[in-house]
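Here is the file query.pdb (PDB, C-alpha atoms).
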ATOM      1  CA  MET A   1      24.019  21.461 -55.514  1.00  0.00           C
ATOM      2  CA  SER A   2      24.780  23.802 -58.406  1.00  0.00           C
ATOM      3  CA  THR A   3      22.173  22.016 -60.536  1.00  0.00           C
ATOM      4  CA  ASP A   4      19.546  22.602 -57.848  1.00  0.00           C
ATOM      5  CA  ILE A   5      20.328  26.323 -57.759  1.00  0.00           C
ATOM      6  CA  GLU A   6      20.088  26.541 -61.547  1.00  0.00           C
ATOM      7  CA  GLN A   7      16.689  24.795 -61.473  1.00  0.00           C
ATOM      8  CA  ILE A   8      15.481  27.222 -58.809  1.00  0.00           C
ATOM      9  CA  LYS A   9      16.705  30.162 -60.902  1.00  0.00           C
ATOM     10  CA  LYS A  10      14.844  28.860 -63.965  1.00  0.00           C
ATOM     11  CA  LYS A  11      11.616  28.551 -61.956  1.00  0.00           C
ATOM     12  CA  ILE A  12      12.071  32.058 -60.553  1.00  0.00           C
ATOM     13  CA  ILE A  13      12.675  33.508 -64.012  1.00  0.00           C
ATOM     14  CA  TYR A  14       9.580  31.785 -65.372  1.00  0.00           C
ATOM     15  CA  ARG A  15       7.414  32.876 -62.435  1.00  0.00           C
ATOM     16  CA  SER A  16       8.608  36.471 -62.649  1.00  0.00           C
ATOM     17  CA  ASN A  17       7.734  36.691 -66.357  1.00  0.00           C
ATOM     18  CA  TYR A  18       4.289  35.063 -66.176  1.00  0.00           C
ATOM     19  CA  ARG A  19       2.471  36.820 -63.347  1.00  0.00           C
ATOM     20  CA  GLY A  20      -0.967  37.520 -64.740  1.00  0.00           C
ATOM     21  CA  THR A  21      -0.677  41.211 -65.542  1.00  0.00           C
ATOM     22  CA  LYS A  22       1.571  42.559 -68.263  1.00  0.00           C
ATOM     23  CA  GLU A  23       2.806  45.386 -66.061  1.00  0.00           C
ATOM     24  CA  MET A  24       4.067  43.013 -63.377  1.00  0.00           C
ATOM     25  CA  ASP A  25       5.404  40.570 -65.985  1.00  0.00           C
ATOM     26  CA  LYS A  26       7.609  43.338 -67.366  1.00  0.00           C
ATOM     27  CA  LEU A  27       8.592  44.841 -64.027  1.00  0.00           C
ATOM     28  CA  LEU A  28       9.418  41.589 -62.225  1.00  0.00           C
ATOM     29  CA  GLY A  29      10.928  40.047 -65.347  1.00  0.00           C
ATOM     30  CA  ALA A  30      13.340  42.962 -65.740  1.00  0.00           C
ATOM     31  CA  PHE A  31      14.121  42.999 -62.008  1.00  0.00           C
ATOM     32  CA  THR A  32      14.837  39.267 -61.949  1.00  0.00           C
ATOM     33  CA  SER A  33      16.943  39.359 -65.113  1.00  0.00           C
ATOM     34  CA  LYS A  34      19.095  42.137 -63.704  1.00  0.00           C
ATOM     35  CA  HIS A  35      19.739  40.606 -60.270  1.00  0.00           C
ATOM     36  CA  ILE A  36      19.364  36.815 -60.405  1.00  0.00           C
ATOM     37  CA  ASP A  37      22.989  35.974 -61.187  1.00  0.00           C
ATOM     38  CA  GLN A  38      24.268  37.982 -58.199  1.00  0.00           C
ATOM     39  CA  LEU A  39      21.956  36.352 -55.643  1.00  0.00           C
ATOM     40  CA  ASN A  40      22.976  33.702 -53.143  1.00  0.00           C
ATOM     41  CA  GLU A  41      20.697  30.903 -51.936  1.00  0.00           C
ATOM     42  CA  ASP A  42      19.172  32.969 -49.091  1.00  0.00           C
ATOM     43  CA  ASP A  43      18.464  35.827 -51.514  1.00  0.00           C
ATOM     44  CA  LEU A  44      16.801  33.406 -53.931  1.00  0.00           C
ATOM     45  CA  ASN A  45      14.538  32.184 -51.132  1.00  0.00           C
ATOM     46  CA  GLN A  46      13.592  35.791 -50.344  1.00  0.00           C
ATOM     47  CA  LEU A  47      12.853  36.348 -54.028  1.00  0.00           C
ATOM     48  CA  ILE A  48      10.599  33.288 -54.076  1.00  0.00           C
ATOM     49  CA  LYS A  49       8.658  34.769 -51.134  1.00  0.00           C
ATOM     50  CA  LEU A  50       8.362  38.068 -52.985  1.00  0.00           C
ATOM     51  CA  LEU A  51       6.993  36.305 -56.061  1.00  0.00           C
ATOM     52  CA  GLU A  52       4.316  34.603 -53.942  1.00  0.00           C
ATOM     53  CA  ILE A  53       2.758  38.003 -53.169  1.00  0.00           C
ATOM     54  CA  ASP A  54      -0.174  39.061 -55.348  1.00  0.00           C
ATOM     55  CA  ASP A  55       0.352  41.592 -58.138  1.00  0.00           C
ATOM     56  CA  ASN A  56      -1.749  44.337 -56.558  1.00  0.00           C
ATOM     57  CA  ASN A  57       0.242  44.392 -53.321  1.00  0.00           C
ATOM     58  CA  LEU A  58       3.557  44.174 -55.207  1.00  0.00           C
ATOM     59  CA  TYR A  59       2.549  47.053 -57.463  1.00  0.00           C
ATOM     60  CA  ASN A  60       1.505  49.162 -54.477  1.00  0.00           C
ATOM     61  CA  PHE A  61       4.707  48.335 -52.580  1.00  0.00           C
ATOM     62  CA  TYR A  62       6.858  49.230 -55.584  1.00  0.00           C
ATOM     63  CA  ASN A  63       5.062  52.547 -56.009  1.00  0.00           C
ATOM     64  CA  GLY A  64       5.052  53.450 -52.307  1.00  0.00           C
ATOM     65  CA  LEU A  65       1.312  53.006 -51.890  1.00  0.00           C
ATOM     66  CA  GLU A  66      -0.567  51.322 -49.047  1.00  0.00           C
ATOM     67  CA  THR A  67      -0.523  47.517 -49.074  1.00  0.00           C
ATOM     68  CA  ASP A  68      -2.695  44.864 -47.435  1.00  0.00           C
ATOM     69  CA  ILE A  69       0.378  43.065 -46.087  1.00  0.00           C
ATOM     70  CA  VAL A  70       3.547  44.030 -44.268  1.00  0.00           C
ATOM     71  CA  PHE A  71       6.718  43.656 -46.322  1.00  0.00           C
ATOM     72  CA  GLU A  72       9.844  42.483 -44.507  1.00  0.00           C
ATOM     73  CA  ASP A  73      12.874  44.747 -44.470  1.00  0.00           C
ATOM     74  CA  ASN A  74      15.299  42.502 -46.352  1.00  0.00           C
ATOM     75  CA  LYS A  75      17.772  42.715 -49.222  1.00  0.00           C
ATOM     76  CA  ILE A  76      15.402  41.543 -51.988  1.00  0.00           C
ATOM     77  CA  ASN A  77      12.486  43.743 -50.965  1.00  0.00           C
ATOM     78  CA  ASN A  78      14.820  46.752 -50.776  1.00  0.00           C
ATOM     79  CA  LEU A  79      16.345  45.935 -54.176  1.00  0.00           C
ATOM     80  CA  PHE A  80      12.851  45.634 -55.667  1.00  0.00           C
ATOM     81  CA  LYS A  81      11.587  48.834 -54.039  1.00  0.00           C
ATOM     82  CA  ASN A  82      14.571  50.780 -55.410  1.00  0.00           C
ATOM     83  CA  PHE A  83      14.643  49.120 -58.830  1.00  0.00           C
ATOM     84  CA  LYS A  84      14.346  51.571 -61.709  1.00  0.00           C
ATOM     85  CA  TYR A  85      12.537  50.028 -64.652  1.00  0.00           C
TER      86      TYR A  85
END

Rendering of file as structure tokens:
Amino acid sequence: MSTDIEQIKKKIIYRSNYRGTKEMDKLLGAFTSKHIDQLNEDDLNQLIKLLEIDDNNLYNFYNGLETDIVFEDNKINNLFKNFKY
């Protein structure tokens, strides 16, 4: 089980650092690096969902702008919204 979690963490770290835009690479990479070791399995699944959202909507959500989608009120989204880069 621990090996599976470590594999998931590696995939999350990779995905957060290679988004498509440098701004989101840096922002999500720093966010993931700071929080990944404190997250449980449910939190990791929420983070995976966050990483599936396109860069434009993530950027707008982070900056308090209007988005095309509705973001859930959960631990990961709140951590990301309040993250200071």

The PyMOL selection byres ((chain A and resi 37-53) around 9) applied to the shown file, residues as a list in words: Ile5, Ile8, Lys9, Ile12, Arg15, Ser16, Arg19, Leu28, Thr32, Ser33, Lys34, His35, Ile36, Asp54, Asp55, Asn56, Asn57, Leu58, Phe71, Asn74, Lys75, Ile76 and Asn77 of chain A

Give me the residues near A:Lys81 as a short mmCIF file (atom, residue, chain, number, x, y, z; two decimals) with C-alpha atoms, keeping the file's coordinate frame, where near means some atom within 8 Å (using all atoms listed in the file) and where sequence neighbours in that chain fewer than 4 positions away do not count.
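Once written, selection_10.cif looks like this:
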data_model
loop_
_atom_site.label_atom_id
_atom_site.label_comp_id
_atom_site.auth_asym_id
_atom_site.auth_seq_id
_atom_site.Cartn_x
_atom_site.Cartn_y
_atom_site.Cartn_z
CA PHE A 61 4.71 48.34 -52.58
CA TYR A 62 6.86 49.23 -55.58
CA ASN A 63 5.06 52.55 -56.01
CA ASN A 77 12.49 43.74 -50.96
#

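Put simply, the PyMOL selection byres ((chain A and resi 84) around 10) in this file takes in Leu27, Ala30, Phe31, Tyr62, Leu79, Phe80, Lys81, Asn82, Phe83 and Tyr85 of chain A.
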
Write out as AutoDock Vina command-line options an axis-aligned box for stretch 60-78 of chain A: all of its atoms listed in the file, 4 Å added on each side, centre and edge lengths in Å with one decimal.
--center_x 7.5 --center_y 47.5 --center_z -50.1 --size_x 28.5 --size_y 19.9 --size_z 19.7

Atom-to-atom span, atom CA of A:Met24 and atom CA of A:Glu72, Å: 19.7 Å

Atom-to-atom span, atom CA of A:Lys10 and atom CA of A:Gly64, Å: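 Distance reported for this atom pair: 28.9 Å.
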
Atom-to-atom span, atom CA of A:Thr21 and atom CA of A:Asp4, Å: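 If I compute the distance from atom CA of A:Thr21 to atom CA of A:Asp4, I get 28.5 Å.
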
Among the residues A:Ile69, A:Gly29, A:Asn78, A:Asn60, the one that comes closest to A:Ile13 [using all atoms listed in the file]: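 Checking each of A:Ile69, A:Gly29, A:Asn78, A:Asn60 against A:Ile13, counting all atoms listed in the file, the winner is A:Gly29.
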